[in-house]
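Undergrad: The structure follows.
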Amino acid sequence: MDNSARLKSVGLRTVYSYIERDPKKNIPKILDWLEKYDFYNYITDQVKAVREAISDPENNWSQLLFSLWTDIDAKQRKMLFTNILINGTIIGAKLRNHTRNKYNCNVPWAILMDPTSACNLKCTGCWAAEYGNKMNLSLEQLDDIIRQGKEHGVHVFLYSGGEPLVRKKDIISLCEKHPDCAFLAFTNGTLIDEQFADEILRVGNFIPAISIEGSEETTDSRRGSGTYKAVIKAMGILKERKLLFGASCCYTSQNVELIGSDEFFDSIIDSGAKFAWFFTYMPIGTSAVPELLVSAEQREFFYHQVRKFRSEKPLFTIDFWNDGEYVHGCIAGGRHYIHINANGDIEPCAFVHYSDSNIKEKTLIEAYTSPLFMAYKQNQPFNTNMLRPCPVLDNPEYLPRMVESTNSYSTDLASPEKASDYCKKCIVVAEKWAPVADRLWNEKVSEQERVAK
């Protein structure tokens with residue numbers, strides 16, 4: 001038995017049952033084990049951070065971690081521990097590193113894919129609203145993407161759209177067929193009912209991340225009347241069944257102060273959510289609303305608020321753009337994730353609708369080694385300042401250059417636009433963010449140097 005198989009055996013039969021006996025006593029010991037067997041140094045830094053965070057049993061991180069044993073169903077907790085941490089992170093690292101070295105390309109930790117372009121809502125500024133029910137990946141195609149991903153060490157699969165829960169039945173079927181994987185869907189939440197929640201509870205390896213825009217007024221103004229109440233109802237159904245779920249929040253120039261408020265964060269926690277993804281608005285498509293882009297002042301406000309709340313509130317947060325410092329810049333282009341749209345186009349990022357590969361014609365490996373993905377690999381990071389990670393929003397000169405030099409095509413079937421036209425909408429905000437980001441970055445570097453001394 002090789003190290004990977006041995007780890008899997010230990011992880012399934014010994015480690016988890018050891019934690020379950022006494023989480024508060026045994027989790028610190030498991031962190032030592034994880035660090036010892038992290039052969040590729042894939043999670044050692046994160047393990048050290050977790051160990052430090054939970055050193056005080058009364059702090060917010062301890063509260064969040066141990067709430068997983070009081071608030072989350074035991075079967076789901078075990079499956080997600082196994083599939084995300086053991087299969088997806090520790091064991092999967094060996095296969096991903098092998099593939100990276102063999103093909104000299106990026107290989108992602110997670111694959112984001114769109115089962116359909118259809119959506120039951122029509123949100124302001126959302127590119128999916130333009131497509132309608134025009135594109136779908138078949139169940140067989142979705143299954144093949146997962147199969148290929150697992151061959152390269154990927155065990156975490158995300159769904160977006162469109163509204164992925166339009167395909168509820170197929171999503172549950174894939175959970176059943178791949179019990180060694182974890183699945184998460186970015187969903188508007190309006191299609192979550194008692195029957196579907198019972199299915200989530202049964203399969204155990206699916207997590208919803210529900211979109212919410214702040215208050216009832218701000219949510220309904222962008223997503224339609226009645227959406228907020230439907231979301232709150234869905235969260236209540238999930239919480240009642242002790243199912244893990246999170247929030248997915250888009251902050252814009254119109255709602256950033258609300259999204260970044262104590263009241264909003266507390267409302268997410270009170271709903272029963274254990275995590276929140278934060279995305280800033282991107283002006284995708286010819287019908288985009290550039291006025292929704294946040295200003296430099298608003299982005300800095302949110303940067304500080306998220307970091308403040310991380311030291312105070314029991315909620316795991318990811319700020320997709322402002323957390324570049326923790327992942328060394330842009331994570332797209334297969335570096336940590338890729339996006340496959342409902343037409344099968346393999347894109348570097350969910351916010352970059354350009355491609356030179358389609359899953360109906362190429363394998364994942366062929367896409368990872370394609371000119372566009374190799375251009376990403378060769379240019380990452382796009383800035384030495386990790387608070388300016390993006391080749392669109394922060395460094396808008398990069399994406400047009402990569403798209404044009406690789407003869408990539410627009411994947412927006414409703415209103416294709418040149419990469420230069422897309423990025424042109426971000427030039428002013430990038431110029432205004434640059435000095436702010438540079439100040440924040442220099443302050444951070446200076447503080448790190450001071451601590452090191």
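Identifiers for the structure tokens are assigned positionally: chains receive A, B, ... in sequence, residues are indexed from 1 per chain, and ligands are indexed from 1 in the order shown.
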Once DSSP has gone over the backbone, tell me which residues of stretch 14-258 of chain A are in strand (DSSP E), as a list in words.

TA: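 For stretch 14-258 of chain A, the strand (DSSP E) set is Ala110, Ile111, Leu112, Met113, Val156, Phe157, Leu158, Tyr159, Ala182, Phe183, Leu184, Ala185, Phe186, Thr187, Phe206, Ile207, Pro208, Ala209, Ile210, Ser211, Gly246, Ala247, Ser248, Cys249, Cys250 and Tyr251 of chain A.
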
Undergrad: Skipping near chain neighbours, those fewer than 5 positions away, what residues fall within 12 Å of stretch 296-301 of chain A using only C-alpha atoms, listed as a ChimeraX atom specification?

TA: /A:251-261,278-281,306-308,319-323,387-388,393-394,426,428-441

Undergrad: How would you write, as a ChimeraX atom specification, the set of residues in stretch 105-337 of chain A that DSSP gives as alpha helix (DSSP H)?

TA: /A:128-131,139-151,168-177,194-203,216-223,227-240,256-259,262-271,296-310,324-327

Undergrad: Can you spit out the residues from that selection as a PDB file, in the first residue's frame, using C-alpha atoms?

TA:
```pdb
ATOM      1  CA  ALA A 128     -26.386  34.603 -16.979  1.00  0.00           C
ATOM      2  CA  ALA A 129     -29.611  36.543 -17.460  1.00  0.00           C
ATOM      3  CA  GLU A 130     -28.552  37.205 -21.069  1.00  0.00           C
ATOM      4  CA  TYR A 131     -28.265  33.534 -22.018  1.00  0.00           C
ATOM      5  CA  LEU A 139     -25.360  14.440 -17.066  1.00  0.00           C
ATOM      6  CA  GLU A 140     -22.854  12.273 -18.949  1.00  0.00           C
ATOM      7  CA  GLN A 141     -20.638  15.261 -19.721  1.00  0.00           C
ATOM      8  CA  LEU A 142     -20.693  16.449 -16.108  1.00  0.00           C
ATOM      9  CA  ASP A 143     -19.871  12.927 -14.958  1.00  0.00           C
ATOM     10  CA  ASP A 144     -16.941  12.721 -17.393  1.00  0.00           C
ATOM     11  CA  ILE A 145     -15.520  16.043 -16.149  1.00  0.00           C
ATOM     12  CA  ILE A 146     -15.617  14.694 -12.597  1.00  0.00           C
ATOM     13  CA  ARG A 147     -14.033  11.408 -13.701  1.00  0.00           C
ATOM     14  CA  GLN A 148     -11.194  13.220 -15.482  1.00  0.00           C
ATOM     15  CA  GLY A 149     -10.718  15.574 -12.538  1.00  0.00           C
ATOM     16  CA  LYS A 150     -10.349  12.696 -10.093  1.00  0.00           C
ATOM     17  CA  GLU A 151      -7.666  11.152 -12.291  1.00  0.00           C
ATOM     18  CA  LYS A 168     -31.422  19.256  -8.858  1.00  0.00           C
ATOM     19  CA  LYS A 169     -31.957  15.654  -9.886  1.00  0.00           C
ATOM     20  CA  ASP A 170     -28.709  15.416 -11.840  1.00  0.00           C
ATOM     21  CA  ILE A 171     -26.731  17.119  -9.076  1.00  0.00           C
ATOM     22  CA  ILE A 172     -27.951  14.568  -6.543  1.00  0.00           C
ATOM     23  CA  SER A 173     -27.173  11.740  -8.993  1.00  0.00           C
ATOM     24  CA  LEU A 174     -23.584  12.962  -9.282  1.00  0.00           C
ATOM     25  CA  CYS A 175     -23.281  13.154  -5.492  1.00  0.00           C
ATOM     26  CA  GLU A 176     -24.402   9.523  -5.338  1.00  0.00           C
ATOM     27  CA  LYS A 177     -22.069   8.385  -8.113  1.00  0.00           C
ATOM     28  CA  GLU A 194     -37.863  20.435   2.210  1.00  0.00           C
ATOM     29  CA  GLN A 195     -37.642  17.593  -0.295  1.00  0.00           C
ATOM     30  CA  PHE A 196     -34.337  18.764  -1.745  1.00  0.00           C
ATOM     31  CA  ALA A 197     -32.921  19.409   1.734  1.00  0.00           C
ATOM     32  CA  ASP A 198     -33.773  15.813   2.653  1.00  0.00           C
ATOM     33  CA  GLU A 199     -31.848  14.665  -0.432  1.00  0.00           C
ATOM     34  CA  ILE A 200     -28.827  16.740   0.633  1.00  0.00           C
ATOM     35  CA  LEU A 201     -29.023  15.142   4.049  1.00  0.00           C
ATOM     36  CA  ARG A 202     -29.201  11.686   2.475  1.00  0.00           C
ATOM     37  CA  VAL A 203     -26.164  12.020   0.165  1.00  0.00           C
ATOM     38  CA  GLU A 216     -34.594  42.557   1.887  1.00  0.00           C
ATOM     39  CA  GLU A 217     -34.664  45.844  -0.007  1.00  0.00           C
ATOM     40  CA  THR A 218     -31.218  45.497  -1.593  1.00  0.00           C
ATOM     41  CA  THR A 219     -31.649  41.796  -2.370  1.00  0.00           C
ATOM     42  CA  ASP A 220     -35.055  42.208  -3.988  1.00  0.00           C
ATOM     43  CA  SER A 221     -34.003  45.337  -5.890  1.00  0.00           C
ATOM     44  CA  ARG A 222     -31.354  43.321  -7.739  1.00  0.00           C
ATOM     45  CA  ARG A 223     -32.881  39.837  -7.753  1.00  0.00           C
ATOM     46  CA  THR A 227     -36.327  36.687  -3.327  1.00  0.00           C
ATOM     47  CA  TYR A 228     -35.104  37.677   0.144  1.00  0.00           C
ATOM     48  CA  LYS A 229     -37.967  35.905   1.923  1.00  0.00           C
ATOM     49  CA  ALA A 230     -37.387  32.796  -0.207  1.00  0.00           C
ATOM     50  CA  VAL A 231     -33.686  32.829   0.729  1.00  0.00           C
ATOM     51  CA  ILE A 232     -34.411  33.181   4.450  1.00  0.00           C
ATOM     52  CA  LYS A 233     -36.892  30.317   4.222  1.00  0.00           C
ATOM     53  CA  ALA A 234     -34.315  28.112   2.463  1.00  0.00           C
ATOM     54  CA  MET A 235     -31.699  28.854   5.117  1.00  0.00           C
ATOM     55  CA  GLY A 236     -34.197  27.907   7.806  1.00  0.00           C
ATOM     56  CA  ILE A 237     -34.908  24.580   6.116  1.00  0.00           C
ATOM     57  CA  LEU A 238     -31.184  23.777   5.933  1.00  0.00           C
ATOM     58  CA  LYS A 239     -30.478  24.868   9.500  1.00  0.00           C
ATOM     59  CA  GLU A 240     -33.350  22.743  10.816  1.00  0.00           C
ATOM     60  CA  VAL A 256     -20.897  47.571  -0.020  1.00  0.00           C
ATOM     61  CA  GLU A 257     -21.494  49.486   3.228  1.00  0.00           C
ATOM     62  CA  LEU A 258     -24.395  47.197   4.074  1.00  0.00           C
ATOM     63  CA  ILE A 259     -22.575  43.992   3.082  1.00  0.00           C
ATOM     64  CA  ASP A 262     -21.729  44.216  11.668  1.00  0.00           C
ATOM     65  CA  GLU A 263     -25.455  43.756  11.293  1.00  0.00           C
ATOM     66  CA  PHE A 264     -25.157  41.888   7.999  1.00  0.00           C
ATOM     67  CA  PHE A 265     -22.365  39.583   9.183  1.00  0.00           C
ATOM     68  CA  ASP A 266     -24.334  38.844  12.356  1.00  0.00           C
ATOM     69  CA  SER A 267     -27.429  38.058  10.279  1.00  0.00           C
ATOM     70  CA  ILE A 268     -25.454  35.514   8.241  1.00  0.00           C
ATOM     71  CA  ILE A 269     -24.228  33.846  11.416  1.00  0.00           C
ATOM     72  CA  ASP A 270     -27.703  33.865  12.975  1.00  0.00           C
ATOM     73  CA  SER A 271     -29.103  32.212   9.835  1.00  0.00           C
ATOM     74  CA  ALA A 296     -11.126  52.391  -4.315  1.00  0.00           C
ATOM     75  CA  GLU A 297     -12.456  53.801  -1.040  1.00  0.00           C
ATOM     76  CA  GLN A 298     -15.245  51.234  -0.925  1.00  0.00           C
ATOM     77  CA  ARG A 299     -12.889  48.363  -1.702  1.00  0.00           C
ATOM     78  CA  GLU A 300     -10.525  49.461   1.072  1.00  0.00           C
ATOM     79  CA  PHE A 301     -13.471  49.702   3.452  1.00  0.00           C
ATOM     80  CA  PHE A 302     -14.440  46.112   2.704  1.00  0.00           C
ATOM     81  CA  TYR A 303     -10.811  44.957   2.952  1.00  0.00           C
ATOM     82  CA  HIS A 304     -10.604  46.284   6.515  1.00  0.00           C
ATOM     83  CA  GLN A 305     -14.064  45.084   7.549  1.00  0.00           C
ATOM     84  CA  VAL A 306     -13.451  41.466   6.533  1.00  0.00           C
ATOM     85  CA  ARG A 307     -10.156  41.382   8.416  1.00  0.00           C
ATOM     86  CA  LYS A 308     -11.729  42.979  11.461  1.00  0.00           C
ATOM     87  CA  PHE A 309     -14.594  40.489  11.530  1.00  0.00           C
ATOM     88  CA  ARG A 310     -12.208  37.554  11.119  1.00  0.00           C
ATOM     89  CA  GLY A 324      -4.784  37.553  -2.944  1.00  0.00           C
ATOM     90  CA  GLU A 325      -2.125  37.931  -0.266  1.00  0.00           C
ATOM     91  CA  TYR A 326      -3.021  34.507   1.149  1.00  0.00           C
ATOM     92  CA  VAL A 327      -2.885  32.609  -2.153  1.00  0.00           C
TER      93      VAL A 327
END
```

Undergrad: May I ask for the distance between atom CA of A:Ser420 and atom CA of A:Ala375, given in Å to one decimal place?

TA: 16.5 Å

Undergrad: Using only C-alpha atoms, find each residue in stretch 230-333 of chain A having at least one atom no more than 10 Å away from stretch 178-186 of chain A; report its shortest atom-to-atom pair and that distance in Å (one decimal), rows by chain then rising number, as a Markdown table.

TA:
```
| residue | atom | partner | partner_atom | distance |
| --- | --- | --- | --- | --- |
| A:Phe245 | CA | A:Leu184 | CA | 9.0 |
| A:Gly246 | CA | A:Phe186 | CA | 9.3 |
| A:Ala247 | CA | A:Phe186 | CA | 8.7 |
| A:Ser248 | CA | A:Phe186 | CA | 6.9 |
| A:Trp277 | CA | A:Phe186 | CA | 9.6 |
```

Undergrad: For a test of reading the model, state the distance in Å between atom CA of A:Ser408 and atom CA of A:Ala367, rounded to one decimal.

TA: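 Interatomic distance here is 12.1 Å.
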
Undergrad: Identify, on the basis of only C-alpha atoms, every residue whose closest approach to A:His336 does not exceed 8 Å; exclude the query and any residue fewer than 3 positions from it along the same chain; express the result as a JSON list (two decimals) with N, CA, C and O atoms, in the first residue's frame.

TA:
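Listing of part-v9.json after writing:
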```json
[["chain", "number", "residue", "atom", "x", "y", "z"],
["A", 106, "ASN", "N", -0.48, 24.13, -15.06],
["A", 106, "ASN", "CA", -1.28, 24.26, -13.86],
["A", 106, "ASN", "C", -2.30, 23.12, -13.78],
["A", 106, "ASN", "O", -2.83, 22.67, -14.81],
["A", 107, "VAL", "N", -2.56, 22.65, -12.56],
["A", 107, "VAL", "CA", -3.63, 21.66, -12.32],
["A", 107, "VAL", "C", -4.41, 22.15, -11.10],
["A", 107, "VAL", "O", -3.83, 22.38, -10.04],
["A", 108, "PRO", "N", -5.71, 22.35, -11.24],
["A", 108, "PRO", "CA", -6.48, 22.99, -10.17],
["A", 108, "PRO", "C", -6.78, 22.10, -8.99],
["A", 108, "PRO", "O", -6.76, 20.87, -9.08],
["A", 109, "TRP", "N", -7.10, 22.75, -7.87],
["A", 109, "TRP", "CA", -7.60, 22.06, -6.68],
["A", 109, "TRP", "C", -9.10, 21.81, -6.82],
["A", 109, "TRP", "O", -9.63, 20.83, -6.32],
["A", 110, "ALA", "N", -9.79, 22.72, -7.53],
["A", 110, "ALA", "CA", -11.25, 22.61, -7.68],
["A", 110, "ALA", "C", -11.65, 22.96, -9.11],
["A", 110, "ALA", "O", -10.98, 23.74, -9.79],
["A", 331, "ILE", "N", -5.79, 33.05, -8.65],
["A", 331, "ILE", "CA", -5.88, 31.59, -8.50],
["A", 331, "ILE", "C", -6.45, 30.93, -9.76],
["A", 331, "ILE", "O", -6.61, 29.72, -9.80],
["A", 332, "ALA", "N", -6.76, 31.73, -10.79],
["A", 332, "ALA", "CA", -7.44, 31.22, -11.97],
["A", 332, "ALA", "C", -6.46, 30.56, -12.94],
["A", 332, "ALA", "O", -5.28, 30.39, -12.65],
["A", 333, "GLY", "N", -6.97, 30.19, -14.11],
["A", 333, "GLY", "CA", -6.13, 29.58, -15.13],
["A", 333, "GLY", "C", -5.60, 28.22, -14.73],
["A", 333, "GLY", "O", -4.57, 27.77, -15.23]]
```

Undergrad: Name the residues in contact with A:Ser62 at a cut-off of 12 Å, using only C-alpha atoms, excluding same-chain residues fewer than 2 positions from it; report them as a ChimeraX atom specification.

TA: /A:23-24,27-28,50-60,64-69,311-316

Undergrad: Go ahead and write the selection's residues with N, CA, C and O atoms as an mmCIF file, in the first residue's frame.

TA:
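Saved result, out.cif, follows:
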```cif
data_model
loop_
_atom_site.group_PDB
_atom_site.id
_atom_site.type_symbol
_atom_site.label_atom_id
_atom_site.label_comp_id
_atom_site.auth_asym_id
_atom_site.auth_seq_id
_atom_site.Cartn_x
_atom_site.Cartn_y
_atom_site.Cartn_z
ATOM 1 N N PRO A 23 -13.690 16.079 20.332
ATOM 2 C CA PRO A 23 -13.147 17.065 19.400
ATOM 3 C C PRO A 23 -12.214 18.089 20.042
ATOM 4 O O PRO A 23 -11.147 18.380 19.498
ATOM 5 N N LYS A 24 -12.598 18.621 21.179
ATOM 6 C CA LYS A 24 -11.785 19.681 21.784
ATOM 7 C C LYS A 24 -10.415 19.171 22.224
ATOM 8 O O LYS A 24 -9.412 19.892 22.147
ATOM 9 N N ILE A 27 -8.643 17.383 18.367
ATOM 10 C CA ILE A 27 -8.345 18.155 17.157
ATOM 11 C C ILE A 27 -6.915 18.690 17.155
ATOM 12 O O ILE A 27 -6.226 18.605 16.129
ATOM 13 N N PRO A 28 -6.403 19.251 18.251
ATOM 14 C CA PRO A 28 -4.994 19.686 18.236
ATOM 15 C C PRO A 28 -4.027 18.559 17.886
ATOM 16 O O PRO A 28 -3.031 18.773 17.188
ATOM 17 N N VAL A 50 -4.592 27.329 11.817
ATOM 18 C CA VAL A 50 -5.721 26.783 12.565
ATOM 19 C C VAL A 50 -5.321 26.514 14.012
ATOM 20 O O VAL A 50 -6.062 26.835 14.950
ATOM 21 N N ARG A 51 -4.134 25.953 14.182
ATOM 22 C CA ARG A 51 -3.665 25.652 15.538
ATOM 23 C C ARG A 51 -3.593 26.932 16.383
ATOM 24 O O ARG A 51 -4.018 26.956 17.542
ATOM 25 N N GLU A 52 -3.068 27.991 15.784
ATOM 26 C CA GLU A 52 -2.967 29.265 16.501
ATOM 27 C C GLU A 52 -4.354 29.850 16.770
ATOM 28 O O GLU A 52 -4.621 30.372 17.849
ATOM 29 N N ALA A 53 -5.238 29.732 15.781
ATOM 30 C CA ALA A 53 -6.567 30.333 15.904
ATOM 31 C C ALA A 53 -7.381 29.714 17.022
ATOM 32 O O ALA A 53 -8.139 30.405 17.709
ATOM 33 N N ILE A 54 -7.261 28.404 17.222
ATOM 34 C CA ILE A 54 -8.090 27.724 18.222
ATOM 35 C C ILE A 54 -7.364 27.546 19.551
ATOM 36 O O ILE A 54 -7.830 26.809 20.420
ATOM 37 N N SER A 55 -6.225 28.197 19.696
ATOM 38 C CA SER A 55 -5.476 28.064 20.944
ATOM 39 C C SER A 55 -6.269 28.591 22.138
ATOM 40 O O SER A 55 -6.097 28.143 23.272
ATOM 41 N N ASP A 56 -7.147 29.568 21.883
ATOM 42 C CA ASP A 56 -8.021 30.099 22.924
ATOM 43 C C ASP A 56 -9.419 29.501 22.723
ATOM 44 O O ASP A 56 -10.083 29.779 21.728
ATOM 45 N N PRO A 57 -9.885 28.683 23.644
ATOM 46 C CA PRO A 57 -11.178 28.006 23.466
ATOM 47 C C PRO A 57 -12.365 28.963 23.434
ATOM 48 O O PRO A 57 -13.453 28.581 23.014
ATOM 49 N N GLU A 58 -12.164 30.219 23.830
ATOM 50 C CA GLU A 58 -13.256 31.181 23.879
ATOM 51 C C GLU A 58 -13.309 32.089 22.656
ATOM 52 O O GLU A 58 -14.270 32.854 22.501
ATOM 53 N N ASN A 59 -12.288 32.014 21.786
ATOM 54 C CA ASN A 59 -12.293 32.969 20.673
ATOM 55 C C ASN A 59 -13.253 32.525 19.563
ATOM 56 O O ASN A 59 -13.815 31.431 19.584
ATOM 57 N N ASN A 60 -13.426 33.410 18.583
ATOM 58 C CA ASN A 60 -14.420 33.149 17.534
ATOM 59 C C ASN A 60 -14.074 31.938 16.684
ATOM 60 O O ASN A 60 -14.965 31.212 16.215
ATOM 61 N N LEU A 64 -16.404 28.683 16.048
ATOM 62 C CA LEU A 64 -16.799 28.223 14.719
ATOM 63 C C LEU A 64 -16.448 26.757 14.520
ATOM 64 O O LEU A 64 -17.288 25.957 14.075
ATOM 65 N N LEU A 65 -15.220 26.386 14.828
ATOM 66 C CA LEU A 65 -14.786 25.012 14.606
ATOM 67 C C LEU A 65 -15.639 24.021 15.384
ATOM 68 O O LEU A 65 -16.148 23.036 14.823
ATOM 69 N N PHE A 66 -15.813 24.266 16.661
ATOM 70 C CA PHE A 66 -16.509 23.276 17.475
ATOM 71 C C PHE A 66 -18.025 23.314 17.266
ATOM 72 O O PHE A 66 -18.730 22.366 17.630
ATOM 73 N N SER A 67 -18.517 24.392 16.637
ATOM 74 C CA SER A 67 -19.948 24.408 16.288
ATOM 75 C C SER A 67 -20.256 23.385 15.202
ATOM 76 O O SER A 67 -21.418 22.984 15.026
ATOM 77 N N LEU A 68 -19.224 22.935 14.482
ATOM 78 C CA LEU A 68 -19.448 21.898 13.473
ATOM 79 C C LEU A 68 -19.878 20.587 14.113
ATOM 80 O O LEU A 68 -20.472 19.732 13.457
ATOM 81 N N TRP A 69 -19.576 20.421 15.412
ATOM 82 C CA TRP A 69 -19.986 19.206 16.114
ATOM 83 C C TRP A 69 -21.331 19.361 16.797
ATOM 84 O O TRP A 69 -21.951 18.370 17.171
ATOM 85 N N SER A 311 -11.402 38.452 13.209
ATOM 86 C CA SER A 311 -10.879 38.353 14.581
ATOM 87 C C SER A 311 -12.002 38.413 15.615
ATOM 88 O O SER A 311 -11.730 38.302 16.820
ATOM 89 N N GLU A 312 -13.245 38.572 15.133
ATOM 90 C CA GLU A 312 -14.345 38.769 16.079
ATOM 91 C C GLU A 312 -15.503 37.788 15.930
ATOM 92 O O GLU A 312 -16.143 37.445 16.932
ATOM 93 N N LYS A 313 -15.775 37.330 14.701
ATOM 94 C CA LYS A 313 -17.035 36.630 14.457
ATOM 95 C C LYS A 313 -16.806 35.178 14.007
ATOM 96 O O LYS A 313 -15.885 34.914 13.237
ATOM 97 N N PRO A 314 -17.649 34.250 14.468
ATOM 98 C CA PRO A 314 -17.503 32.826 14.101
ATOM 99 C C PRO A 314 -18.062 32.540 12.711
ATOM 100 O O PRO A 314 -19.109 31.898 12.552
ATOM 101 N N LEU A 315 -17.355 33.034 11.695
ATOM 102 C CA LEU A 315 -17.753 32.850 10.307
ATOM 103 C C LEU A 315 -16.507 32.776 9.454
ATOM 104 O O LEU A 315 -15.640 33.661 9.526
ATOM 105 N N PHE A 316 -16.375 31.715 8.647
ATOM 106 C CA PHE A 316 -15.226 31.593 7.747
ATOM 107 C C PHE A 316 -15.525 32.391 6.491
ATOM 108 O O PHE A 316 -16.546 32.185 5.842
#
```

Undergrad: Take atom CA of A:Val15 and atom CA of A:Thr82 and report the distance between them in Å, one decimal.

TA: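 Interatomic distance, atom CA of A:Val15 to atom CA of A:Thr82: 9.8 Å.
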